[in-house]
Amino acid sequence: MDDTGHYLLQMRATPPLVHNITNFVAMNIMANVQLAAGASPAMVHAREEVAEFAALAQALTVNIGTLDPAWAEAMEMAAGVMTAAGRPWVLDPVGAGATGLRREVSARLLALRPTVIRGNASEILALAGTLGTGRGADATDSVVAAEQASRALAQQTGAVVAVSGPVDYITDGASAVRVGNGHVLMPRVTALGCALNGVIAAFLVGQPALPATVAAMAYYGLAGEWAARNAAGPGTFQAAFLDALYLMTPADLTQGARVEPA
Amino acid sequence: MDDTGHYLLQMRATPPLVHNITNFVAMNIMANVQLAAGASPAMVHAREEVAEFAALAQALTVNIGTLDPAWAEAMEMAAGVMTAAGRPWVLDPVGAGATGLRREVSARLLALRPTVIRGNASEILALAGTLGTGRGADATDSVVAAEQASRALAQQTGAVVAVSGPVDYITDGASAVRVGNGHVLMPRVTALGCALNGVIAAFLVGQPALPATVAAMAYYGLAGEWAARNAAGPGTFQAAFLDALYLMTPADLTQGARVEPA
Amino acid sequence: MDDTGHYLLQMRATPPLVHNITNFVAMNIMANVQLAAGASPAMVHAREEVAEFAALAQALTVNIGTLDPAWAEAMEMAAGVMTAAGRPWVLDPVGAGATGLRREVSARLLALRPTVIRGNASEILALAGTLGTGRGADATDSVVAAEQASRALAQQTGAVVAVSGPVDYITDGASAVRVGNGHVLMPRVTALGCALNGVIAAFLVGQPALPATVAAMAYYGLAGEWAARNAAGPGTFQAAFLDALYLMTPADLTQGARVEPA
């Protein structure tokens, strides 16, 4: 694969319009993360316009965090547009195993063939379970415990599956990569995982899915490492994290990325 | 009562999953406040899953800030689950007296027996008024002006009633406590009052309601005092406030709490 | 016109209750901007109470960013109350040209006679186009390219039209003003344009629309200039920007405003 910095360079040179259908907690920080990285975010969800808008976007993110049935319909409409047009979209199955509604909506979205599925270990295990290949969700699941289910999920869906954690695991079902960048303060800031989807989506435009996802996750984790140097706690960390996404150059990313075959 | 730091220690040792049904302005900062304090927040509101999710949570917060009828139904469903299960929940009657919808929904929620009712003086007066025990709401009401209505409201509902202000007043209808911690920049950051509900809810898990609420409010106000030392205005204050919630130890809280019988 | 600082002084002396019906991305930062400036924000959108609440407010903002039909109805109800009562309201036609729903809703809102219409150049061009006076929207439109359409839109609607950009352009159809304050980091923070509407609305209360809008935009841009001195990137910029809105005095504004006849 190209060096990781190449993907950041390409994304910023585009820069892509990313359509996001995400939860109410994540909306503001997700838009700020995308703007800091160099992408152009838009949030549109009404069934009356969501397909029309998706047709204008280069990539889409779908996140089921504060789900309700009307939003789920909009997610399916937008995802259908992207899959039909051959454009990338990212699915974040927040709390996938927690309720019946989430299991149903997740299954319907999976059938629309996301380019990338990103979640924490418990969410990926829950999602794999809806296909009969994994276990139930458990908040204490480790990334390593989700590796087998991730590969199976990737093989069944054709998606790249990315598991966020202290060391991230990304697989297309054939090969797999680990990304060691990150910082312990990241899960202390709400919706940073959700916001990562927007960066992955932006990196995917015109690029192969596995290395673009790996590069986006290394970029994100490295920004967390930079931010921690200027943070006393999660409040100052969040501000410093946005600064780091903005300030990091492709050369910085290539130098700081900790990417290894799994 | 135990020293205030004890309640922070217990909360962090649990740590509780808190289900929040709150307004759109508050969602992000509320989740960040809970994460910084050490709790685990989740936002779920769809009527199709809200009761199922409430059954998984240790505590609930309900806030009528950006109300609409569908959300009000979800609030009632979740509150009903918590009350039936004997688990704590906190009601924040934002703008309770402003419109007919707010008066109706507040009355229905009160009937579901919240563990704690927290608001500013005008909101508590408005809420007491719907039960025929208080006066109409007035944005200029002081905490002291709401003390009598707070005691009556607590006696009628069985809830602990907490009035936020320069000096907070907390009562269970029998005894009452004042908390002197806080800083004038706190009301200059939107939804910090709403976010406090999430900290109170987390402190309530497995603890008696009056002292747990007092401890949560002292912790919150003391974090405001810490933050002011590192702030030039409300923007840097918000970041420093999250840092302070994260960095404060139980011993710091016990030492800095300004709690007195009323 | 009076010096620009006069309008800040008057606003803070009131201070106005501003009713905002805005998008999910903007809600939190918009409330924080208004609180930092010295106004009192409230977000209310349900059709069951929106007209009742609008009657309590001194000014209104309407923003179609994360539109859906139920919210559009609420916007019309609240705007109708304000126009009937002779109180000011601000329309932000976010993405006005992007979809059919946005074109329809924008046209309906225009018919309710906003006091001020504020957007970027492409949005103003799209809006003028719905009246047959301008061109289609284009993300690359410059402020200068939108000047003629702005004047025509102002003449047709009776609104002050304000175009945000590196140099802002504000016109009532007869005369026009340019405001040179601002900083390149401002568009890197999401919803800062949306949040500006809340400041304009607060400045409009009891004041003539053109100079009040000019003063609000100079105040906002100057706060951006101040913030940039204490920012390494968009994260620290956002915090410093709220601080600057809070700390700036009327005399600072009069001295720093860069306002010229167009």
# chains A, B, ... in the order shown; residues from 1 in each chain; ligands from 1
$ interface_residues --of "chain C" --to "chain B" --cutoff "12 Å" --atoms "only C-alpha atoms" --output "PyMOL selection string"
chain C and resi 17+19-57+70-71+74+227+230-231+235-248
$ residues_around --residues "range 3-8 of chain A" --least-positions-apart "3" --cutoff "9 Å" --atoms "only C-alpha atoms" --output "count of residues only"
23
$ select_by_dssp --residues "range 3-105 of chain A" --states "helix (DSSP H, G or I)" --output "number ranges by chain"
A: 4-13, 27-37, 50-54, 69-85, 100-105
$ decode --residues "range 57-80 of chain B" --atoms "C-alpha atoms" --output "PDB file, in the first residue's frame"
ATOM      1  CA  ALA B  57     -29.692   1.170  32.750  1.00  0.00           C
ATOM      2  CA  GLN B  58     -28.926   1.823  36.409  1.00  0.00           C
ATOM      3  CA  ALA B  59     -30.396   5.335  36.345  1.00  0.00           C
ATOM      4  CA  LEU B  60     -32.311   7.703  34.065  1.00  0.00           C
ATOM      5  CA  THR B  61     -32.490  11.434  33.406  1.00  0.00           C
ATOM      6  CA  VAL B  62     -35.471  13.162  31.794  1.00  0.00           C
ATOM      7  CA  ASN B  63     -35.279  16.758  30.534  1.00  0.00           C
ATOM      8  CA  ILE B  64     -38.100  18.550  28.737  1.00  0.00           C
ATOM      9  CA  GLY B  65     -35.908  21.232  27.112  1.00  0.00           C
ATOM     10  CA  THR B  66     -36.677  20.721  23.404  1.00  0.00           C
ATOM     11  CA  LEU B  67     -39.907  18.906  24.007  1.00  0.00           C
ATOM     12  CA  ASP B  68     -42.292  17.382  21.523  1.00  0.00           C
ATOM     13  CA  PRO B  69     -45.176  14.984  22.109  1.00  0.00           C
ATOM     14  CA  ALA B  70     -43.410  11.863  20.789  1.00  0.00           C
ATOM     15  CA  TRP B  71     -40.433  12.499  23.062  1.00  0.00           C
ATOM     16  CA  ALA B  72     -42.794  13.123  25.976  1.00  0.00           C
ATOM     17  CA  GLU B  73     -44.302   9.662  25.475  1.00  0.00           C
ATOM     18  CA  ALA B  74     -40.827   8.141  25.478  1.00  0.00           C
ATOM     19  CA  MET B  75     -39.984   9.978  28.693  1.00  0.00           C
ATOM     20  CA  GLU B  76     -43.063   8.545  30.364  1.00  0.00           C
ATOM     21  CA  MET B  77     -42.273   5.026  29.162  1.00  0.00           C
ATOM     22  CA  ALA B  78     -38.704   5.136  30.452  1.00  0.00           C
ATOM     23  CA  ALA B  79     -39.640   6.798  33.735  1.00  0.00           C
ATOM     24  CA  GLY B  80     -42.301   4.153  34.277  1.00  0.00           C
TER      25      GLY B  80
END
